[in-house]
$ cat run.pdb   # PDB, C-alpha atoms and all ligand atoms
ATOM      1  CA  MET A   1      64.558 130.058  17.939
ATOM      2  CA  GLY A   2      66.387 132.175  20.482
ATOM      3  CA  VAL A   3      69.992 133.306  20.465
ATOM      4  CA  TYR A   4      70.609 131.133  23.529
ATOM      5  CA  PRO A   5      69.344 127.688  24.484
ATOM      6  CA  SER A   6      66.282 128.359  26.607
ATOM      7  CA  ILE A   7      67.708 127.174  29.944
ATOM      8  CA  LEU A   8      70.591 129.581  29.473
ATOM      9  CA  PHE A   9      68.104 132.341  28.851
ATOM     10  CA  ASP A  10      66.059 131.275  31.898
ATOM     11  CA  LEU A  11      69.119 131.559  34.136
ATOM     12  CA  ILE A  12      70.018 134.992  32.752
ATOM     13  CA  ARG A  13      66.458 136.147  33.308
ATOM     14  CA  MET A  14      66.364 134.844  36.891
ATOM     15  CA  LEU A  15      69.705 136.404  37.778
ATOM     16  CA  SER A  16      68.767 139.727  36.259
ATOM     17  CA  ARG A  17      65.893 139.969  38.744
ATOM     18  CA  LEU A  18      68.432 140.233  41.561
ATOM     19  CA  PRO A  19      69.141 143.718  42.884
ATOM     20  CA  GLY A  20      71.963 145.495  41.109
ATOM     21  CA  LEU A  21      72.031 143.099  38.198
ATOM     22  CA  GLY A  22      70.678 144.064  34.829
ATOM     23  CA  GLU A  23      70.487 141.671  31.913
ATOM     24  CA  LYS A  24      74.019 142.560  30.819
ATOM     25  CA  SER A  25      75.688 141.725  34.124
ATOM     26  CA  ALA A  26      73.521 138.615  34.468
ATOM     27  CA  THR A  27      74.727 137.487  31.047
ATOM     28  CA  ARG A  28      78.343 138.097  32.066
ATOM     29  CA  ILE A  29      77.859 136.027  35.223
ATOM     30  CA  VAL A  30      76.344 133.158  33.260
ATOM     31  CA  MET A  31      79.179 133.248  30.699
ATOM     32  CA  GLN A  32      81.655 133.092  33.595
ATOM     33  CA  LEU A  33      79.782 130.158  35.168
ATOM     34  CA  LEU A  34      80.113 128.313  31.854
ATOM     35  CA  ARG A  35      83.882 128.815  31.937
ATOM     36  CA  MET A  36      84.287 127.725  35.558
ATOM     37  CA  PRO A  37      85.191 124.133  36.515
ATOM     38  CA  ARG A  38      81.989 122.138  37.045
ATOM     39  CA  GLU A  39      82.986 121.285  40.604
ATOM     40  CA  GLU A  40      83.208 124.959  41.521
ATOM     41  CA  VAL A  41      79.798 125.693  40.042
ATOM     42  CA  ARG A  42      78.358 122.739  41.928
ATOM     43  CA  ALA A  43      79.864 124.054  45.189
ATOM     44  CA  LEU A  44      78.458 127.532  44.506
ATOM     45  CA  ALA A  45      74.980 126.180  43.795
ATOM     46  CA  ALA A  46      75.102 123.990  46.915
ATOM     47  CA  LEU A  47      76.195 126.940  49.050
ATOM     48  CA  ILE A  48      73.395 129.170  47.764
ATOM     49  CA  HIS A  49      70.972 126.393  48.604
ATOM     50  CA  ARG A  50      72.444 125.887  52.092
ATOM     51  CA  VAL A  51      72.354 129.602  52.848
ATOM     52  CA  ARG A  52      68.711 129.757  51.829
ATOM     53  CA  SER A  53      67.719 126.777  53.941
ATOM     54  CA  GLU A  54      69.940 127.267  57.006
ATOM     55  CA  ILE A  55      70.028 131.017  57.523
ATOM     56  CA  ARG A  56      67.094 132.512  59.335
ATOM     57  CA  ALA A  57      66.227 135.526  61.443
ATOM     58  CA  CYS A  58      67.465 135.634  65.040
ATOM     59  CA  SER A  59      64.463 135.073  67.305
ATOM     60  CA  ARG A  60      65.494 138.092  69.391
ATOM     61  CA  CYS A  61      66.898 140.811  67.111
ATOM     62  CA  TYR A  62      65.955 139.551  63.599
ATOM     63  CA  HIS A  63      69.521 139.752  62.326
ATOM     64  CA  PHE A  64      70.514 136.758  60.196
ATOM     65  CA  THR A  65      71.805 133.702  62.010
ATOM     66  CA  ASP A  66      72.233 129.968  61.577
ATOM     67  CA  ALA A  67      71.154 129.375  65.182
ATOM     68  CA  GLU A  68      68.069 130.230  67.247
ATOM     69  CA  VAL A  69      69.755 133.365  68.614
ATOM     70  CA  CYS A  70      72.525 135.221  66.758
ATOM     71  CA  ASP A  71      76.144 135.691  67.867
ATOM     72  CA  LEU A  72      75.610 139.399  68.579
ATOM     73  CA  CYS A  73      72.716 138.679  70.961
ATOM     74  CA  ARG A  74      74.715 135.933  72.677
ATOM     75  CA  ASP A  75      77.910 137.968  73.059
ATOM     76  CA  PRO A  76      78.221 138.615  76.829
ATOM     77  CA  SER A  77      80.622 141.531  76.281
ATOM     78  CA  ARG A  78      77.949 143.650  74.610
ATOM     79  CA  ASP A  79      75.889 146.189  76.528
ATOM     80  CA  THR A  80      72.381 144.808  76.937
ATOM     81  CA  GLY A  81      71.021 148.172  78.097
ATOM     82  CA  VAL A  82      71.311 149.924  74.739
ATOM     83  CA  LEU A  83      69.279 148.854  71.743
ATOM     84  CA  CYS A  84      70.021 150.210  68.281
ATOM     85  CA  VAL A  85      67.032 149.955  65.947
ATOM     86  CA  VAL A  86      67.923 149.601  62.256
ATOM     87  CA  GLU A  87      65.960 148.981  59.080
ATOM     88  CA  SER A  88      67.971 146.110  57.706
ATOM     89  CA  THR A  89      70.792 143.686  58.320
ATOM     90  CA  ALA A  90      72.863 145.633  55.779
ATOM     91  CA  ASP A  91      72.556 148.711  58.003
ATOM     92  CA  LEU A  92      73.446 146.629  61.074
ATOM     93  CA  LEU A  93      76.585 145.431  59.300
ATOM     94  CA  ALA A  94      77.542 148.996  58.363
ATOM     95  CA  ILE A  95      77.268 150.075  62.012
ATOM     96  CA  GLU A  96      79.097 146.955  63.188
ATOM     97  CA  GLN A  97      81.960 147.686  60.799
ATOM     98  CA  SER A  98      82.285 151.203  62.196
ATOM     99  CA  GLY A  99      83.102 149.589  65.559
ATOM    100  CA  ALA A 100      81.369 152.518  67.265
ATOM    101  CA  PHE A 101      78.513 150.570  68.856
ATOM    102  CA  LYS A 102      78.767 147.852  71.498
ATOM    103  CA  GLY A 103      75.151 147.392  72.470
ATOM    104  CA  ARG A 104      72.526 145.188  70.872
ATOM    105  CA  TYR A 105      70.404 145.634  67.789
ATOM    106  CA  HIS A 106      66.856 145.277  66.648
ATOM    107  CA  VAL A 107      66.366 144.814  62.911
ATOM    108  CA  LEU A 108      62.960 146.073  61.765
ATOM    109  CA  GLN A 109      63.232 144.252  58.432
ATOM    110  CA  GLY A 110      61.716 147.225  56.641
ATOM    111  CA  VAL A 111      60.372 150.731  57.110
ATOM    112  CA  LEU A 112      56.926 152.214  57.247
ATOM    113  CA  ALA A 113      55.877 152.970  53.693
ATOM    114  CA  PRO A 114      52.138 153.540  53.435
ATOM    115  CA  LEU A 115      52.367 153.908  49.662
ATOM    116  CA  ASN A 116      53.763 150.397  49.429
ATOM    117  CA  ALA A 117      51.276 149.107  51.991
ATOM    118  CA  MET A 118      54.019 148.686  54.616
ATOM    119  CA  GLY A 119      52.356 149.397  57.949
ATOM    120  CA  PRO A 120      53.578 148.826  61.514
ATOM    121  CA  GLU A 121      52.295 145.258  61.419
ATOM    122  CA  ASN A 122      54.531 144.485  58.419
ATOM    123  CA  ILE A 123      57.798 145.268  60.177
ATOM    124  CA  ARG A 124      59.202 144.017  63.494
ATOM    125  CA  ILE A 125      57.685 146.688  65.717
ATOM    126  CA  ARG A 126      55.494 144.397  67.799
ATOM    127  CA  GLU A 127      58.593 142.263  68.417
ATOM    128  CA  LEU A 128      60.513 145.368  69.505
ATOM    129  CA  MET A 129      57.795 146.239  72.044
ATOM    130  CA  LYS A 130      57.860 142.697  73.365
ATOM    131  CA  ARG A 131      61.634 142.892  73.831
ATOM    132  CA  LEU A 132      61.288 146.162  75.705
ATOM    133  CA  ASP A 133      58.750 144.492  77.997
ATOM    134  CA  GLU A 134      61.057 141.583  78.683
ATOM    135  CA  GLU A 135      64.563 143.028  78.610
ATOM    136  CA  VAL A 136      66.135 145.700  80.774
ATOM    137  CA  VAL A 137      66.840 148.463  78.272
ATOM    138  CA  GLN A 138      67.791 152.020  79.225
ATOM    139  CA  GLU A 139      68.294 153.535  75.806
ATOM    140  CA  VAL A 140      66.877 152.992  72.348
ATOM    141  CA  ILE A 141      68.872 154.520  69.513
ATOM    142  CA  ILE A 142      66.746 154.930  66.425
ATOM    143  CA  ALA A 143      69.083 154.439  63.469
ATOM    144  CA  THR A 144      66.641 154.261  60.586
ATOM    145  CA  ASN A 145      67.937 155.933  57.434
ATOM    146  CA  PRO A 146      67.594 159.662  56.746
ATOM    147  CA  SER A 147      65.033 159.067  54.010
ATOM    148  CA  GLY A 148      61.386 160.118  54.114
ATOM    149  CA  GLU A 149      60.349 156.612  55.122
ATOM    150  CA  GLY A 150      63.181 156.249  57.645
ATOM    151  CA  GLU A 151      62.176 159.547  59.257
ATOM    152  CA  ALA A 152      58.501 158.590  59.336
ATOM    153  CA  THR A 153      59.429 155.287  60.988
ATOM    154  CA  ALA A 154      61.616 157.086  63.543
ATOM    155  CA  HIS A 155      58.761 159.434  64.470
ATOM    156  CA  TYR A 156      56.283 156.578  64.708
ATOM    157  CA  LEU A 157      58.642 154.709  67.051
ATOM    158  CA  SER A 158      59.313 157.740  69.205
ATOM    159  CA  ARG A 159      55.579 158.246  69.729
ATOM    160  CA  LEU A 160      55.147 154.603  70.556
ATOM    161  CA  LEU A 161      58.011 154.630  73.058
ATOM    162  CA  LYS A 162      57.473 157.986  74.691
ATOM    163  CA  ASP A 163      55.703 156.709  77.818
ATOM    164  CA  ARG A 164      58.306 154.111  78.608
ATOM    165  CA  PRO A 165      61.114 154.814  81.074
ATOM    166  CA  LEU A 166      63.675 154.971  78.288
ATOM    167  CA  ARG A 167      66.131 157.371  76.801
ATOM    168  CA  ILE A 168      65.248 157.657  73.126
ATOM    169  CA  SER A 169      67.819 159.043  70.741
ATOM    170  CA  ARG A 170      68.136 159.448  67.030
ATOM    171  CA  ILE A 171      71.529 159.143  65.409
ATOM    172  CA  ALA A 172      72.891 162.473  64.256
ATOM    173  CA  TYR A 173      73.168 162.599  60.567
ATOM    174  CA  GLY A 174      76.168 164.277  59.111
ATOM    175  CA  VAL A 175      74.704 161.998  56.552
ATOM    176  CA  PRO A 176      72.928 163.608  53.612
ATOM    177  CA  MET A 177      69.143 163.307  53.593
ATOM    178  CA  GLY A 178      67.981 160.542  51.310
ATOM    179  CA  SER A 179      71.113 158.456  51.759
ATOM    180  CA  ASP A 180      71.511 155.000  53.149
ATOM    181  CA  LEU A 181      73.631 153.803  56.099
ATOM    182  CA  LYS A 182      75.086 150.908  54.220
ATOM    183  CA  TYR A 183      76.773 153.208  51.721
ATOM    184  CA  ILE A 184      78.247 155.528  54.291
ATOM    185  CA  ASP A 185      81.845 155.377  55.459
ATOM    186  CA  ARG A 186      82.617 154.169  58.968
ATOM    187  CA  VAL A 187      83.946 157.500  60.250
ATOM    188  CA  THR A 188      80.665 159.203  59.382
ATOM    189  CA  ILE A 189      78.704 156.398  61.027
ATOM    190  CA  GLU A 190      80.823 156.652  64.166
ATOM    191  CA  ARG A 191      80.271 160.413  64.278
ATOM    192  CA  ALA A 192      76.537 159.932  63.721
ATOM    193  CA  LEU A 193      76.312 157.501  66.645
ATOM    194  CA  LYS A 194      78.403 159.604  69.022
ATOM    195  CA  GLY A 195      76.427 162.729  68.133
ATOM    196  CA  ARG A 196      73.043 161.120  68.661
ATOM    197  CA  GLN A 197      70.364 163.450  69.973
ATOM    198  CA  PRO A 198      67.430 162.950  72.325
ATOM    199  CA  PHE A 199      64.423 162.287  70.139
ATOM    200  CA  GLY A 200      60.669 162.593  70.426
TER     201      GLY A 200
HETATM  202 ZN    ZN B 301      70.181 138.481  67.513
END

$ encode --input "run.pdb" --output "structure tokens"
Amino acid sequence: MGVYPSILFDLIRMLSRLPGLGEKSATRIVMQLLRMPREEVRALAALIHRVRSEIRACSRCYHFTDAEVCDLCRDPSRDTGVLCVVESTADLLAIEQSGAFKGRYHVLQGVLAPLNAMGPENIRIRELMKRLDEEVVQEVIIATNPSGEGEATAHYLSRLLKDRPLRISRIAYGVPMGSDLKYIDRVTIERALKGRQPFG
């Protein structure tokens, strides 16, 4: 006999597997769900389900979209000649919110992490090379995070790109080593982009 009915416990356990949620916060969320009007909970559950089934990766940049190609890739006002390579959509959003970048993105969906068996074939590097073959790009800004893995990924990319007729730059980090773009304020991100340095 548990303290909670088992389905309640199952929900708490599933929620607590989500990033940033321990068992305590998961329990608080479930208690709140039980207080909410049923209709609202139904709408929330339906929305989670819709997001999971309708949102997918943009076929060009791998940012999230509900269409074949995302709004950023389709936006004719953006500079197609500059490609900013980021680890994740969260990092893309952080740069977007800084307003300092008006080119296009490429989301790697990960970083090289040999210890976790993440090699070049596990992230969107092949897709990046294909884009560079097909699109007219003058500059690639490598905006992976200033962590060990982000640096290793940046160096790998710079070696891979060095024979192409491209300007390769790495964003300047006034950002402390080991930190993460998505937690950095927009002024720092803007400064990091403006102060980017030739790389490789
Ligand atoms: Zn896109």

$ atom_distance --input "run.pdb" --atom1 "atom CA of Val3 of chain A" --atom2 "atom CA of Arg42 of chain A"
25.3 Å

$ residues_around --input "run.pdb" --residues "Leu132 of chain A" --least-positions-apart "4" --cutoff "10 Å" --atoms "only C-alpha atoms" --output "count of residues only"
11

$ atom_distance --input "run.pdb" --atom1 "atom CA of Ile12 of chain A" --atom2 "atom CA of Gln32 of chain A"
11.8 Å

$ residues_around --input "run.pdb" --residues "segment 64-76 of chain A" --least-positions-apart "6" --cutoff "7 Å" --atoms "all atoms listed in the file" --output "list in words"
Glu54, Ile55, Arg56, Ala57, Cys58 and Arg104 of chain A

$ resolve_selection --input "run.pdb" --expression "the PyMOL selection byres (((chain A and resi 181) around 8) and not hetatm)" --output "list in words"
Asp91, Ala94, Ile95, Asn145, Ser179, Asp180, Lys182, Tyr183, Ile184 and Ile189 of chain A

$ write_last_selection --input "run.pdb" --atoms "C-alpha atoms" --output "PDB file, keeping the file's coordinate frame"
ATOM      1  CA  ASP A  91      72.556 148.711  58.003  1.00  0.00           C
ATOM      2  CA  ALA A  94      77.542 148.996  58.363  1.00  0.00           C
ATOM      3  CA  ILE A  95      77.268 150.075  62.012  1.00  0.00           C
ATOM      4  CA  ASN A 145      67.937 155.933  57.434  1.00  0.00           C
ATOM      5  CA  SER A 179      71.113 158.456  51.759  1.00  0.00           C
ATOM      6  CA  ASP A 180      71.511 155.000  53.149  1.00  0.00           C
ATOM      7  CA  LYS A 182      75.086 150.908  54.220  1.00  0.00           C
ATOM      8  CA  TYR A 183      76.773 153.208  51.721  1.00  0.00           C
ATOM      9  CA  ILE A 184      78.247 155.528  54.291  1.00  0.00           C
ATOM     10  CA  ILE A 189      78.704 156.398  61.027  1.00  0.00           C
TER      11      ILE A 189
END

$ atom_distance --input "run.pdb" --atom1 "atom CA of Ser59 of chain A" --atom2 "atom CA of Ile123 of chain A"
14.1 Å

$ closest_residue --input "run.pdb" --among "A:Gly103, A:Pro37, A:Pro114, A:Gly22" --to "ligand ZN 301 (chain B)" --atoms "only C-alpha atoms and all ligand atoms"
A:Gly103

$ residues_around --input "run.pdb" --residues "segment 6-11 of chain A" --least-positions-apart "6" --cutoff "9 Å" --atoms "only C-alpha atoms" --output "PyMOL selection string"
chain A and resi 26-27+30

$ residues_near_point --input "run.pdb" --point "(75.9, 133.8, 38.6)" --cutoff "12 Å" --atoms "all atoms listed in the file" --output "CSV table (one decimal) with C-alpha atoms, in the coordinates of the input"
chain,number,residue,atom,x,y,z
A,8,LEU,CA,70.6,129.6,29.5
A,11,LEU,CA,69.1,131.6,34.1
A,12,ILE,CA,70.0,135.0,32.8
A,13,ARG,CA,66.5,136.1,33.3
A,14,MET,CA,66.4,134.8,36.9
A,15,LEU,CA,69.7,136.4,37.8
A,16,SER,CA,68.8,139.7,36.3
A,17,ARG,CA,65.9,140.0,38.7
A,18,LEU,CA,68.4,140.2,41.6
A,21,LEU,CA,72.0,143.1,38.2
A,23,GLU,CA,70.5,141.7,31.9
A,24,LYS,CA,74.0,142.6,30.8
A,25,SER,CA,75.7,141.7,34.1
A,26,ALA,CA,73.5,138.6,34.5
A,27,THR,CA,74.7,137.5,31.0
A,28,ARG,CA,78.3,138.1,32.1
A,29,ILE,CA,77.9,136.0,35.2
A,30,VAL,CA,76.3,133.2,33.3
A,31,MET,CA,79.2,133.2,30.7
A,32,GLN,CA,81.7,133.1,33.6
A,33,LEU,CA,79.8,130.2,35.2
A,34,LEU,CA,80.1,128.3,31.9
A,35,ARG,CA,83.9,128.8,31.9
A,36,MET,CA,84.3,127.7,35.6
A,40,GLU,CA,83.2,125.0,41.5
A,41,VAL,CA,79.8,125.7,40.0
A,42,ARG,CA,78.4,122.7,41.9
A,44,LEU,CA,78.5,127.5,44.5
A,45,ALA,CA,75.0,126.2,43.8
A,48,ILE,CA,73.4,129.2,47.8

$ resolve_selection --input "run.pdb" --expression "the PyMOL selection byres (((chain A and resi 196) around 7) and not hetatm)" --output "ChimeraX atom specification"
/A:169-172,192-195,197-198

$ write_last_selection --input "run.pdb" --atoms "C-alpha atoms" --output "PDB file, in the coordinates of the input"
ATOM      1  CA  SER A 169      67.819 159.043  70.741  1.00  0.00           C
ATOM      2  CA  ARG A 170      68.136 159.448  67.030  1.00  0.00           C
ATOM      3  CA  ILE A 171      71.529 159.143  65.409  1.00  0.00           C
ATOM      4  CA  ALA A 172      72.891 162.473  64.256  1.00  0.00           C
ATOM      5  CA  ALA A 192      76.537 159.932  63.721  1.00  0.00           C
ATOM      6  CA  LEU A 193      76.312 157.501  66.645  1.00  0.00           C
ATOM      7  CA  LYS A 194      78.403 159.604  69.022  1.00  0.00           C
ATOM      8  CA  GLY A 195      76.427 162.729  68.133  1.00  0.00           C
ATOM      9  CA  GLN A 197      70.364 163.450  69.973  1.00  0.00           C
ATOM     10  CA  PRO A 198      67.430 162.950  72.325  1.00  0.00           C
TER      11      PRO A 198
END

$ residues_near_point --input "run.pdb" --point "(57.5, 158.6, 56.5)" --cutoff "12 Å" --atoms "all atoms listed in the file" --output "PyMOL selection string"
chain A and resi 111-116+118-120+144-157+178

$ closest_residue --input "run.pdb" --among "A:Phe101, A:Pro5, A:Pro165, A:Arg159" --to "Val82 of chain A" --atoms "only C-alpha atoms"
A:Phe101

$ closest_residue --input "run.pdb" --among "A:Val107, A:Ile125, A:Ala46, A:Leu93" --to "ligand ZN 301 (chain B)" --atoms "only C-alpha atoms and all ligand atoms"
A:Val107

$ closest_residue --input "run.pdb" --among "A:Cys84, A:His49, A:His106, A:Ala100" --to "ligand ZN 301 (chain B)" --atoms "all atoms listed in the file"
A:His106
